[in-house]
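Undergrad: Below is the file run09.tsv, with TSV, C-alpha atoms and all ligand atoms.
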```tsv
chain	number	residue	atom	x	y	z
A	1	MET	CA	-23.26	-1.67	-2.83
A	2	SER	CA	-20.93	0.84	-4.40
A	3	SER	CA	-19.90	2.22	-1.01
A	4	TRP	CA	-17.00	0.79	0.96
A	5	GLY	CA	-15.07	1.45	4.18
A	6	ASN	CA	-15.73	2.33	7.81
A	7	TYR	CA	-12.93	4.81	8.51
A	8	VAL	CA	-12.18	6.03	4.98
A	9	LYS	CA	-15.53	5.72	3.26
A	10	ILE	CA	-15.76	5.79	-0.50
A	11	SER	CA	-18.83	5.95	-2.69
A	12	VAL	CA	-18.32	5.32	-6.42
A	13	PHE	CA	-20.96	6.51	-8.88
A	14	GLY	CA	-21.66	6.66	-12.61
A	15	GLU	CA	-22.09	4.53	-15.69
A	16	SER	CA	-19.76	3.98	-18.63
A	17	HIS	CA	-21.90	5.86	-21.16
A	18	GLY	CA	-23.75	8.24	-18.83
A	19	ASN	CA	-22.66	11.85	-18.28
A	20	GLY	CA	-19.81	10.93	-16.03
A	21	ILE	CA	-18.39	8.85	-13.22
A	22	GLY	CA	-16.85	9.80	-9.91
A	23	ILE	CA	-16.22	9.23	-6.25
A	24	VAL	CA	-16.83	10.75	-2.84
A	25	ILE	CA	-14.11	9.99	-0.25
A	26	ASP	CA	-14.93	10.73	3.37
A	27	GLY	CA	-12.50	10.45	6.27
A	28	LEU	CA	-9.21	11.55	4.69
A	29	PRO	CA	-6.85	13.37	7.05
A	30	ALA	CA	-6.90	17.17	6.61
A	31	GLY	CA	-3.88	19.18	5.55
A	32	GLU	CA	-2.44	16.62	3.14
A	33	LYS	CA	-0.85	18.31	0.13
A	34	ILE	CA	-1.64	16.38	-3.05
A	35	ASP	CA	0.73	16.56	-6.01
A	36	MET	CA	-1.81	16.76	-8.85
A	37	ASP	CA	0.74	15.88	-11.55
A	38	ALA	CA	1.64	12.68	-9.71
A	39	LEU	CA	-2.08	11.94	-9.27
A	40	LEU	CA	-2.78	12.41	-12.98
A	41	ALA	CA	0.22	10.24	-13.85
A	42	GLN	CA	-1.35	7.41	-11.83
A	43	MET	CA	-4.69	7.88	-13.59
A	44	GLY	CA	-2.84	7.88	-16.92
A	45	ARG	CA	-1.46	4.40	-16.22
A	46	ARG	CA	-5.03	3.04	-16.13
A	47	ALA	CA	-6.53	5.21	-18.89
A	48	PRO	CA	-7.34	3.40	-22.13
A	49	GLY	CA	-6.09	4.18	-25.63
A	50	LYS	CA	-2.41	4.41	-24.69
A	51	ASP	CA	-1.17	0.89	-25.17
A	52	LYS	CA	-1.75	-1.68	-27.93
A	53	ALA	CA	-2.60	-4.23	-25.26
A	54	ALA	CA	-5.61	-2.14	-24.19
A	55	THR	CA	-8.94	-0.95	-25.61
A	56	PRO	CA	-8.59	1.83	-28.21
A	57	ARG	CA	-11.37	3.85	-26.51
A	58	LEU	CA	-9.63	7.19	-25.81
A	59	GLU	CA	-10.63	8.91	-22.57
A	60	LYS	CA	-8.58	11.67	-21.00
A	61	ASP	CA	-9.83	10.75	-17.50
A	62	LEU	CA	-9.42	14.29	-16.16
A	63	PRO	CA	-10.91	14.51	-12.68
A	64	GLU	CA	-12.81	17.67	-11.74
A	65	ILE	CA	-12.60	18.19	-7.99
A	66	LEU	CA	-15.88	19.51	-6.61
A	67	SER	CA	-15.07	19.56	-2.90
A	68	GLY	CA	-12.66	18.55	-0.17
A	69	MET	CA	-9.51	20.22	-1.53
A	70	LEU	CA	-8.26	23.78	-1.39
A	71	ASP	CA	-4.94	24.82	-2.93
A	72	ASP	CA	-4.29	21.13	-3.70
A	73	THR	CA	-4.56	20.32	0.01
A	74	THR	CA	-7.19	18.12	1.68
A	75	THR	CA	-9.59	20.10	3.85
A	76	GLY	CA	-10.98	17.15	5.82
A	77	ALA	CA	-14.42	17.56	4.18
A	78	PRO	CA	-15.64	14.85	1.76
A	79	LEU	CA	-13.44	14.86	-1.34
A	80	CYS	CA	-15.59	14.58	-4.46
A	81	ALA	CA	-14.13	14.09	-7.95
A	82	VAL	CA	-16.08	13.78	-11.19
A	83	ILE	CA	-14.75	12.47	-14.50
A	84	ARG	CA	-16.89	13.30	-17.54
A	85	ASN	CA	-17.46	10.62	-20.18
A	86	THR	CA	-16.52	11.95	-23.59
A	87	ASN	CA	-15.85	9.07	-25.97
A	88	THR	CA	-18.96	6.88	-26.03
A	89	ARG	CA	-20.33	4.74	-28.89
A	90	SER	CA	-23.50	3.35	-27.39
A	91	GLN	CA	-24.74	1.76	-30.61
A	92	ASP	CA	-22.03	-0.89	-30.12
A	93	TYR	CA	-24.01	-2.15	-27.15
A	94	SER	CA	-27.61	-2.16	-28.40
A	95	GLY	CA	-29.05	-5.64	-28.08
A	96	LEU	CA	-27.04	-6.75	-25.04
A	97	MET	CA	-30.14	-6.60	-22.84
A	98	ILE	CA	-31.69	-9.20	-25.12
A	99	ARG	CA	-28.60	-11.27	-25.98
A	100	PRO	CA	-26.29	-11.18	-22.93
A	101	ARG	CA	-22.52	-11.53	-23.42
A	102	PRO	CA	-21.11	-14.79	-22.01
A	103	GLY	CA	-18.78	-13.95	-19.11
A	104	HIS	CA	-20.11	-10.41	-18.62
A	105	ALA	CA	-22.71	-9.08	-16.19
A	106	ASP	CA	-25.44	-8.32	-18.77
A	107	TYR	CA	-27.55	-11.34	-17.77
A	108	THR	CA	-27.08	-11.23	-13.98
A	109	GLY	CA	-27.38	-7.42	-13.96
A	110	SER	CA	-30.70	-7.49	-15.77
A	111	VAL	CA	-32.04	-10.19	-13.43
A	112	ARG	CA	-30.85	-8.28	-10.35
A	113	TYR	CA	-32.16	-4.87	-11.45
A	114	GLY	CA	-35.23	-6.01	-13.33
A	115	GLY	CA	-33.87	-4.84	-16.70
A	116	PHE	CA	-33.53	-1.21	-15.57
A	117	ASN	CA	-29.72	-1.27	-15.41
A	118	ASP	CA	-27.83	0.81	-17.99
A	119	VAL	CA	-26.18	-1.79	-20.18
A	120	ARG	CA	-24.37	0.69	-22.48
A	121	GLY	CA	-20.63	0.09	-22.28
A	122	GLY	CA	-21.18	-2.25	-19.34
A	123	GLY	CA	-22.98	0.53	-17.38
A	124	HIS	CA	-22.02	0.50	-13.71
A	125	PHE	CA	-20.20	-2.84	-14.25
A	126	SER	CA	-17.76	-1.20	-16.64
A	127	ALA	CA	-14.04	-1.11	-15.92
A	128	ARG	CA	-14.40	2.64	-16.44
A	129	LEU	CA	-15.61	2.70	-12.84
A	130	THR	CA	-12.07	1.78	-11.81
A	131	ALA	CA	-10.91	5.30	-12.79
A	132	PRO	CA	-12.42	6.80	-9.58
A	133	ILE	CA	-10.77	3.98	-7.61
A	134	VAL	CA	-7.41	4.99	-9.09
A	135	PHE	CA	-8.16	8.62	-8.22
A	136	ALA	CA	-8.82	7.66	-4.58
A	137	GLY	CA	-5.85	5.31	-4.54
A	138	ALA	CA	-3.56	8.03	-5.91
A	139	VAL	CA	-4.62	10.38	-3.10
A	140	CYS	CA	-4.17	7.69	-0.43
A	141	ARG	CA	-0.85	6.59	-1.93
A	142	GLN	CA	0.61	10.08	-1.45
A	143	ILE	CA	-0.62	10.22	2.15
A	144	LEU	CA	0.95	6.81	2.80
A	145	GLU	CA	4.23	7.60	1.01
A	146	ARG	CA	4.68	10.55	3.34
A	147	ARG	CA	4.67	7.97	6.16
A	148	GLY	CA	7.18	5.66	4.46
A	149	ILE	CA	4.66	3.21	2.97
A	150	LYS	CA	5.11	2.27	-0.70
A	151	ILE	CA	2.77	0.25	-2.91
A	152	ALA	CA	3.67	-1.35	-6.25
A	153	ALA	CA	2.34	-4.17	-8.39
A	154	HIS	CA	3.51	-5.96	-11.51
A	155	ILE	CA	2.14	-8.28	-14.15
A	156	ALA	CA	2.91	-11.64	-12.52
A	157	SER	CA	1.66	-13.66	-15.50
A	158	ILE	CA	-0.17	-13.43	-18.81
A	159	GLY	CA	-1.60	-16.81	-19.77
A	160	SER	CA	1.20	-19.23	-18.88
A	161	ILE	CA	4.05	-16.71	-19.28
A	162	ASN	CA	5.32	-15.74	-15.82
A	163	ASP	CA	7.30	-12.79	-14.50
A	164	GLU	CA	9.62	-13.29	-11.53
A	165	ARG	CA	8.03	-12.92	-8.10
A	166	PHE	CA	8.85	-10.29	-5.51
A	167	CYS	CA	11.71	-11.42	-3.33
A	168	GLY	CA	9.43	-11.24	-0.30
A	169	ALA	CA	11.60	-10.21	2.65
A	170	ASP	CA	13.54	-7.39	1.09
A	171	ILE	CA	12.05	-5.44	-1.82
A	172	PRO	CA	14.34	-2.61	-2.98
A	173	ASP	CA	12.86	0.92	-3.03
A	174	GLU	CA	14.09	1.41	-6.61
A	175	LEU	CA	12.03	-1.57	-7.80
A	176	MET	CA	8.95	-0.27	-5.94
A	177	GLU	CA	9.42	3.15	-7.54
A	178	ARG	CA	9.96	1.80	-11.06
A	179	LEU	CA	6.92	-0.49	-10.91
A	180	SER	CA	4.59	2.09	-9.38
A	181	GLY	CA	5.12	4.33	-12.42
A	182	ALA	CA	5.15	1.64	-15.12
A	183	VAL	CA	2.52	1.03	-17.81
A	184	PHE	CA	3.60	-2.58	-18.52
A	185	GLY	CA	5.21	-3.26	-15.16
A	186	LEU	CA	7.44	-6.32	-14.92
A	187	ILE	CA	10.23	-7.28	-12.52
A	188	ASP	CA	12.03	-9.03	-15.40
A	189	GLN	CA	11.45	-6.65	-18.30
A	190	SER	CA	12.84	-9.18	-20.80
A	191	ARG	CA	9.46	-10.98	-20.62
A	192	GLU	CA	7.53	-8.03	-22.05
A	193	GLU	CA	7.99	-9.02	-25.68
A	194	SER	CA	6.62	-12.55	-25.32
A	195	MET	CA	3.72	-11.36	-23.16
A	196	ARG	CA	2.82	-8.67	-25.69
A	197	ALA	CA	3.05	-11.18	-28.53
A	198	LEU	CA	0.60	-13.47	-26.74
A	199	ILE	CA	-1.87	-10.63	-26.10
A	200	GLU	CA	-1.63	-9.55	-29.76
A	201	GLU	CA	-2.14	-13.11	-30.97
A	202	CYS	CA	-5.33	-13.31	-28.88
A	203	ARG	CA	-6.54	-9.93	-30.11
A	204	LEU	CA	-6.00	-10.82	-33.76
A	205	SER	CA	-7.92	-14.06	-33.34
A	206	GLY	CA	-10.88	-12.22	-31.78
A	207	ASP	CA	-10.08	-13.65	-28.36
A	208	SER	CA	-8.70	-12.48	-25.00
A	209	ILE	CA	-6.36	-13.76	-22.28
A	210	GLY	CA	-6.20	-13.63	-18.47
A	211	GLY	CA	-3.35	-13.43	-16.00
A	212	THR	CA	-2.26	-12.55	-12.49
A	213	ILE	CA	-1.01	-9.46	-10.69
A	214	GLU	CA	1.31	-9.41	-7.69
A	215	CYS	CA	1.24	-6.45	-5.32
A	216	ALA	CA	3.64	-5.47	-2.53
A	217	ILE	CA	3.20	-2.97	0.29
A	218	THR	CA	6.46	-1.99	1.99
A	219	GLY	CA	7.00	0.14	5.10
A	220	MET	CA	3.75	-1.07	6.69
A	221	PRO	CA	4.10	-0.77	10.47
A	222	ALA	CA	3.55	-3.91	12.57
A	223	GLY	CA	0.33	-4.14	14.56
A	224	ALA	CA	-2.43	-3.06	12.16
A	225	GLY	CA	-5.51	-5.20	11.49
A	226	SER	CA	-8.30	-6.43	13.77
A	227	PRO	CA	-9.16	-10.11	13.59
A	228	MET	CA	-11.43	-11.98	13.20
A	229	PHE	CA	-13.25	-10.02	10.51
A	230	TYR	CA	-11.25	-6.81	10.12
A	231	GLY	CA	-7.83	-8.31	9.63
A	232	ILE	CA	-5.47	-7.22	6.85
A	233	GLU	CA	-6.57	-10.05	4.50
A	234	ASN	CA	-10.26	-9.31	5.13
A	235	VAL	CA	-9.96	-5.60	4.39
A	236	ILE	CA	-7.67	-5.94	1.36
A	237	SER	CA	-9.87	-8.68	-0.14
A	238	SER	CA	-13.08	-6.71	0.37
A	239	VAL	CA	-11.87	-3.81	-1.73
A	240	ILE	CA	-9.96	-5.97	-4.26
A	241	PHE	CA	-13.13	-7.90	-5.08
A	242	GLY	CA	-14.72	-4.57	-6.00
A	243	VAL	CA	-12.40	-4.56	-9.02
A	244	PRO	CA	-14.16	-6.21	-11.97
A	245	ALA	CA	-12.64	-9.43	-13.33
A	246	VAL	CA	-10.81	-10.33	-10.08
A	247	LYS	CA	-11.51	-14.01	-9.46
A	248	GLY	CA	-9.03	-14.91	-6.75
A	249	ILE	CA	-6.56	-13.59	-4.21
A	250	GLU	CA	-3.75	-15.22	-2.27
A	251	PHE	CA	-1.45	-13.79	0.40
A	252	GLY	CA	2.20	-14.68	0.97
A	253	SER	CA	3.00	-18.21	-0.17
A	254	GLY	CA	-0.74	-18.68	-0.74
A	255	PHE	CA	-1.83	-21.85	-2.51
A	256	ASP	CA	1.78	-22.96	-3.09
A	257	GLY	CA	2.30	-22.82	0.69
A	258	SER	CA	-0.40	-25.42	1.20
A	259	ALA	CA	1.94	-28.01	-0.35
A	260	LEU	CA	4.79	-27.21	2.08
A	261	ARG	CA	5.73	-28.43	5.55
A	262	GLY	CA	5.60	-26.11	8.54
A	263	SER	CA	9.39	-26.19	8.73
A	264	GLU	CA	9.51	-24.90	5.13
A	265	ASN	CA	6.68	-22.39	5.30
A	266	ASN	CA	7.40	-20.79	8.70
A	267	ASP	CA	9.44	-17.60	8.57
A	268	GLU	CA	11.95	-17.60	11.43
A	269	PHE	CA	12.27	-14.39	13.44
A	270	TYR	CA	15.46	-12.44	14.14
A	271	TYR	CA	16.43	-9.03	15.52
A	272	ASP	CA	17.63	-6.38	13.09
A	273	GLY	CA	18.76	-3.80	15.67
A	274	ASP	CA	15.55	-3.19	17.65
A	275	THR	CA	13.23	-4.44	14.93
A	276	VAL	CA	11.83	-7.97	14.75
A	277	LYS	CA	12.08	-9.26	11.18
A	278	THR	CA	11.95	-12.51	9.23
A	279	ARG	CA	14.51	-13.55	6.62
A	280	THR	CA	11.89	-15.18	4.42
A	281	ASN	CA	8.37	-13.87	3.90
A	282	ASN	CA	6.02	-16.76	3.22
A	283	HIS	CA	3.56	-15.12	5.61
A	284	GLY	CA	3.33	-12.13	3.25
A	285	GLY	CA	3.58	-9.63	6.09
A	286	ILE	CA	0.43	-10.88	7.85
A	287	LEU	CA	0.10	-13.19	10.87
A	288	GLY	CA	-3.31	-13.69	12.47
A	289	GLY	CA	-4.73	-10.89	10.31
A	290	ILE	CA	-2.23	-8.42	11.82
A	291	SER	CA	0.69	-6.78	10.00
A	292	SER	CA	4.12	-8.10	11.05
A	293	GLY	CA	6.08	-5.16	9.65
A	294	MET	CA	7.42	-7.27	6.77
A	295	PRO	CA	6.23	-6.41	3.23
A	296	ILE	CA	2.60	-7.34	2.62
A	297	ILE	CA	2.39	-9.42	-0.54
A	298	PHE	CA	-0.68	-10.66	-2.38
A	299	ARG	CA	-1.56	-11.93	-5.84
A	300	THR	CA	-4.85	-11.57	-7.71
A	301	ALA	CA	-6.20	-13.74	-10.52
A	302	MET	CA	-7.74	-11.73	-13.38
A	303	LYS	CA	-10.01	-13.52	-15.79
A	304	PRO	CA	-9.77	-13.10	-19.57
A	305	THR	CA	-11.82	-10.19	-20.96
A	306	PRO	CA	-15.35	-11.50	-21.47
A	307	SER	CA	-16.19	-9.32	-24.53
A	308	ILE	CA	-14.60	-11.09	-27.48
A	309	ALA	CA	-15.20	-10.76	-31.22
A	310	ARG	CA	-15.26	-14.52	-31.69
A	311	GLU	CA	-18.74	-16.01	-32.11
A	312	GLN	CA	-20.13	-17.62	-28.95
A	313	LYS	CA	-23.39	-19.19	-27.93
A	314	THR	CA	-25.87	-17.14	-25.91
A	315	VAL	CA	-29.64	-16.81	-25.46
A	316	ASP	CA	-32.28	-14.43	-26.81
A	317	LEU	CA	-34.15	-13.41	-23.66
A	318	GLU	CA	-37.07	-11.94	-25.67
A	319	GLU	CA	-37.59	-14.87	-28.02
A	320	LYS	CA	-36.54	-17.37	-25.31
A	321	THR	CA	-34.34	-19.21	-27.82
A	322	ASP	CA	-30.67	-20.15	-28.11
A	323	THR	CA	-28.66	-17.92	-30.43
A	324	VAL	CA	-25.11	-16.68	-31.04
A	325	ILE	CA	-23.24	-13.44	-30.34
A	326	SER	CA	-20.04	-11.84	-31.58
A	327	VAL	CA	-19.22	-8.82	-29.40
A	328	LYS	CA	-18.61	-5.52	-31.15
A	329	GLY	CA	-17.15	-2.40	-29.55
A	330	ARG	CA	-13.72	-1.56	-28.19
A	331	HIS	CA	-12.37	-3.97	-25.61
A	332	ASP	CA	-9.14	-4.80	-23.81
A	333	PRO	CA	-7.65	-8.03	-25.22
A	334	CYS	CA	-6.08	-8.47	-21.75
A	335	ILE	CA	-7.41	-6.83	-18.59
A	336	VAL	CA	-4.25	-7.44	-16.57
A	337	VAL	CA	-2.20	-4.58	-18.05
A	338	ARG	CA	-4.61	-1.78	-17.12
A	339	ALA	CA	-5.65	-3.48	-13.89
A	340	VAL	CA	-2.17	-3.18	-12.30
A	341	PRO	CA	-2.64	0.45	-11.11
A	342	VAL	CA	-6.21	-0.41	-10.07
A	343	ILE	CA	-4.96	-3.20	-7.78
A	344	GLU	CA	-2.31	-0.86	-6.32
A	345	SER	CA	-5.02	1.76	-5.72
A	346	ALA	CA	-7.33	-0.72	-4.02
A	347	ALA	CA	-4.39	-1.72	-1.80
A	348	ALA	CA	-3.72	1.96	-0.97
A	349	LEU	CA	-7.35	2.40	0.08
A	350	ALA	CA	-7.23	-0.74	2.23
A	351	VAL	CA	-4.01	0.33	3.98
A	352	THR	CA	-5.40	3.81	4.67
A	353	GLU	CA	-8.52	2.21	6.15
A	354	LEU	CA	-6.49	-0.21	8.28
A	355	LEU	CA	-4.14	2.47	9.63
A	356	LYS	CA	-7.04	4.77	10.50
A	357	GLU	CA	-8.76	1.91	12.28
A	358	VAL	CA	-5.83	1.46	14.68
A	359	GLY	CA	-5.32	5.21	15.09
A	360	LYS	CA	-2.04	5.29	13.16
A	361	LEU	CA	-3.27	7.87	10.62
A	401	LIG	C1	-8.96	-2.54	-16.07
A	401	LIG	C2	-10.10	-3.40	-16.55
A	401	LIG	C3	-10.45	-3.37	-17.90
A	401	LIG	C4	-11.52	-4.15	-18.38
A	401	LIG	N1	-11.84	-4.09	-19.71
A	401	LIG	C5	-12.88	-4.83	-20.16
A	401	LIG	C6	-13.24	-4.77	-21.55
A	401	LIG	O1	-12.64	-4.05	-22.35
A	401	LIG	N2	-14.28	-5.55	-21.95
A	401	LIG	C7	-14.97	-6.36	-21.10
A	401	LIG	O2	-15.89	-7.05	-21.53
A	401	LIG	N3	-14.64	-6.44	-19.80
A	401	LIG	C8	-13.63	-5.68	-19.31
A	401	LIG	N4	-13.31	-5.75	-17.97
A	401	LIG	C9	-13.98	-6.76	-17.10
A	401	LIG	C10	-15.46	-6.55	-16.86
A	401	LIG	O3	-15.72	-5.26	-16.36
A	401	LIG	C11	-15.97	-7.65	-15.92
A	401	LIG	O4	-15.53	-8.90	-16.34
A	401	LIG	C12	-17.48	-7.66	-15.85
A	401	LIG	O5	-17.94	-6.49	-15.21
A	401	LIG	C13	-18.07	-8.88	-15.11
A	401	LIG	O6	-17.63	-8.90	-13.78
A	401	LIG	P1	-16.75	-10.09	-13.18
A	401	LIG	O7	-15.77	-10.48	-14.24
A	401	LIG	O8	-16.09	-9.49	-11.97
A	401	LIG	O9	-17.68	-11.22	-12.86
A	401	LIG	C14	-12.26	-4.98	-17.47
A	401	LIG	C15	-11.88	-5.00	-16.10
A	401	LIG	C16	-10.83	-4.21	-15.64
A	401	LIG	C17	-10.45	-4.24	-14.19
```
Do you think you could lay out the structure here as structure tokens?
TA:
Amino acid sequence: MSSWGNYVKISVFGESHGNGIGIVIDGLPAGEKIDMDALLAQMGRRAPGKDKAATPRLEKDLPEILSGMLDDTTTGAPLCAVIRNTNTRSQDYSGLMIRPRPGHADYTGSVRYGGFNDVRGGGHFSARLTAPIVFAGAVCRQILERRGIKIAAHIASIGSINDERFCGADIPDELMERLSGAVFGLIDQSREESMRALIEECRLSGDSIGGTIECAITGMPAGAGSPMFYGIENVISSVIFGVPAVKGIEFGSGFDGSALRGSENNDEFYYDGDTVKTRTNNHGGILGGISSGMPIIFRTAMKPTPSIAREQKTVDLEEKTDTVISVKGRHDPCIVVRAVPVIESAAALAVTELLKEVGKL
């Protein structure tokens, strides 16, 4: 389903090479002023054609708001935004119905939808559908910021080159602000050159590379989330897995924590004035599915871009024979870079949903 949420409901529509894509968001609080320049800046971080590490397909990604806002302020009615597709080269994709790309959804999509799915540019599976998610996330982010909640992510790794990790218990506002506006967001910016070199090396050899993204949410009040099945991890994961190419998620110390002892992994409590805090944050701001008030921290694994120029084996579904494919068209050599604002946006949607659920928004 392309609809998500119980309290803030979104419905994402469109195909990569159709007339346009967009989103309907229902359940936003009324009277929220939205800074359109800030919103467009967020969409610009995801838009292609701006960075060498991304696809050269140029799309302006200008949202046209059809309803739900008056004088840049939410009215409480469903907010609908449409983004027209302008730069399509569908001939690049002819043949994918017959010879599916390894790693992409051409094969499973055609089985699931009986061959009626629009395969051009990846159709509804395209990463272009993350533009409406960033639109929604940019709206939610402003509503949350007004309540002291900040969201920022960074490139945690490209291949085996790692950035530093968030220092979990105390993440400075300046770092959150810098990362949430960055196009190649890193905590340690000295790693940019080697990461870019690796991406370029993959691109030049007709290949691609994967990586991980780490996201932090600061200022989250304690007491949100409803276990067993509507806890913070459940809700964040459900929207994060709507982002194409996400193959894993871990919270707090995650998989590394499984190798620790309780005495190492537990975060001891203390009073900071009237507020209960922890000095370490292996729990990533979540205990029992409920926010603790410490920063929420999670990491996502992003697979390497499936569409690569290098020749690979596939099948001819018409001839029922084995064959080969070399993918043409314009593709990201590394998904991670453009996915950072998408992950932040998904997190903003999840937090808005969770706060509404407990009546805190
Ligand atoms: C920001 C972003 C950009 C992407 N760019 C491409 C791309 O240029 N080429 C491609 O084949 N896949 C790209 N993908 C990934 C595919 O959309 C995805 O792998 C495909 O739909 C199959 O879904 P799955 O990987 O979740 O199983 C991108 C994903 C994201 C989030």
Undergrad: Against ligand LIG 401 (chain A), which residues of chain A fall within 10 Å? For each one I want the closest pair of atoms and the distance in Å (one decimal), counting all atoms listed in the file, rows by chain and increasing residue number, as a Markdown table.
TA:
```
| residue | atom | partner | partner_atom | distance |
| --- | --- | --- | --- | --- |
| A:Arg46 | CA | A:LIG401 | C1 | 6.8 |
| A:Ala47 | CA | A:LIG401 | C1 | 8.6 |
| A:Pro48 | CA | A:LIG401 | C3 | 8.6 |
| A:Ala54 | CA | A:LIG401 | O1 | 7.5 |
| A:Thr55 | CA | A:LIG401 | O1 | 5.8 |
| A:Pro56 | CA | A:LIG401 | O1 | 9.2 |
| A:Arg57 | CA | A:LIG401 | O1 | 9.0 |
| A:Arg101 | CA | A:LIG401 | O2 | 8.2 |
| A:Pro102 | CA | A:LIG401 | O2 | 9.3 |
| A:Gly103 | CA | A:LIG401 | C13 | 6.5 |
| A:His104 | CA | A:LIG401 | C13 | 4.3 |
| A:Ala105 | CA | A:LIG401 | C13 | 4.8 |
| A:Asp106 | CA | A:LIG401 | C13 | 8.2 |
| A:Thr108 | CA | A:LIG401 | C13 | 9.4 |
| A:Gly109 | CA | A:LIG401 | C13 | 9.5 |
| A:Gly121 | CA | A:LIG401 | N2 | 8.5 |
| A:Gly122 | CA | A:LIG401 | O5 | 6.7 |
| A:Gly123 | CA | A:LIG401 | O5 | 8.9 |
| A:His124 | CA | A:LIG401 | O5 | 8.2 |
| A:Phe125 | CA | A:LIG401 | O5 | 4.4 |
| A:Ser126 | CA | A:LIG401 | O3 | 4.6 |
| A:Ala127 | CA | A:LIG401 | C15 | 4.5 |
| A:Arg128 | CA | A:LIG401 | C3 | 7.3 |
| A:Leu129 | CA | A:LIG401 | O3 | 8.7 |
| A:Thr130 | CA | A:LIG401 | C17 | 6.7 |
| A:Ala131 | CA | A:LIG401 | C1 | 8.7 |
| A:Ser208 | CA | A:LIG401 | N2 | 9.4 |
| A:Phe241 | CA | A:LIG401 | O8 | 7.7 |
| A:Gly242 | CA | A:LIG401 | O8 | 7.9 |
| A:Val243 | CA | A:LIG401 | C17 | 5.5 |
| A:Pro244 | CA | A:LIG401 | O8 | 3.8 |
| A:Ala245 | CA | A:LIG401 | O7 | 3.4 |
| A:Val246 | CA | A:LIG401 | O8 | 5.7 |
| A:Lys247 | CA | A:LIG401 | O8 | 6.9 |
| A:Met302 | CA | A:LIG401 | C17 | 8.0 |
| A:Lys303 | CA | A:LIG401 | O7 | 6.7 |
| A:Pro304 | CA | A:LIG401 | O4 | 7.8 |
| A:Thr305 | CA | A:LIG401 | N3 | 4.8 |
| A:Pro306 | CA | A:LIG401 | O2 | 4.5 |
| A:Ser307 | CA | A:LIG401 | O2 | 3.8 |
| A:Ile308 | CA | A:LIG401 | O2 | 7.3 |
| A:Val327 | CA | A:LIG401 | O2 | 8.7 |
| A:Gly329 | CA | A:LIG401 | O1 | 8.7 |
| A:Arg330 | CA | A:LIG401 | O1 | 6.4 |
| A:His331 | CA | A:LIG401 | O1 | 3.3 |
| A:Asp332 | CA | A:LIG401 | O1 | 3.9 |
| A:Pro333 | CA | A:LIG401 | O1 | 7.0 |
| A:Cys334 | CA | A:LIG401 | N1 | 7.5 |
| A:Ile335 | CA | A:LIG401 | C3 | 4.7 |
| A:Val336 | CA | A:LIG401 | C1 | 6.8 |
| A:Val337 | CA | A:LIG401 | C1 | 7.3 |
| A:Arg338 | CA | A:LIG401 | C1 | 4.5 |
| A:Ala339 | CA | A:LIG401 | C1 | 4.1 |
| A:Val340 | CA | A:LIG401 | C1 | 7.8 |
| A:Pro341 | CA | A:LIG401 | C1 | 8.6 |
| A:Val342 | CA | A:LIG401 | C1 | 6.9 |
| A:Ile343 | CA | A:LIG401 | C17 | 8.5 |
```
Undergrad: For CA of Asp316 in chain A and CA of Asp207 in chain A, quote the distance in Å rounded to one decimal.
TA: 22.3 Å
Undergrad: Please return, as a PDB file with C-alpha atoms, keeping the file's coordinate frame, all polymer residues that have at least one atom within 6 Å of the point (-1.9, 8.1, -6.6); use all atoms listed in the file and the file's own coordinate frame.
TA:
```pdb
ATOM      1  CA  LEU A  39      -2.080  11.940  -9.270  1.00  0.00           C
ATOM      2  CA  GLN A  42      -1.350   7.410 -11.830  1.00  0.00           C
ATOM      3  CA  GLY A 137      -5.850   5.310  -4.540  1.00  0.00           C
ATOM      4  CA  ALA A 138      -3.560   8.030  -5.910  1.00  0.00           C
ATOM      5  CA  VAL A 139      -4.620  10.380  -3.100  1.00  0.00           C
ATOM      6  CA  ARG A 141      -0.850   6.590  -1.930  1.00  0.00           C
TER       7      ARG A 141
END
```
Undergrad: Using all atoms listed in the file, which of the listed residues (A:Ala301, A:Arg112, A:Tyr230, A:Val351) sits closest to Ile158 in chain A?
TA: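 Closest to Ile158 in chain A, using all atoms listed in the file: A:Ala301.
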Undergrad: So which one's closest to Ile155 in chain A, A:Arg191, A:Arg120, A:His283, A:Arg45? Using all atoms listed in the file, please.
TA: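 Ranked by minimum distance to Ile155 in chain A, first place goes to A:Arg191.
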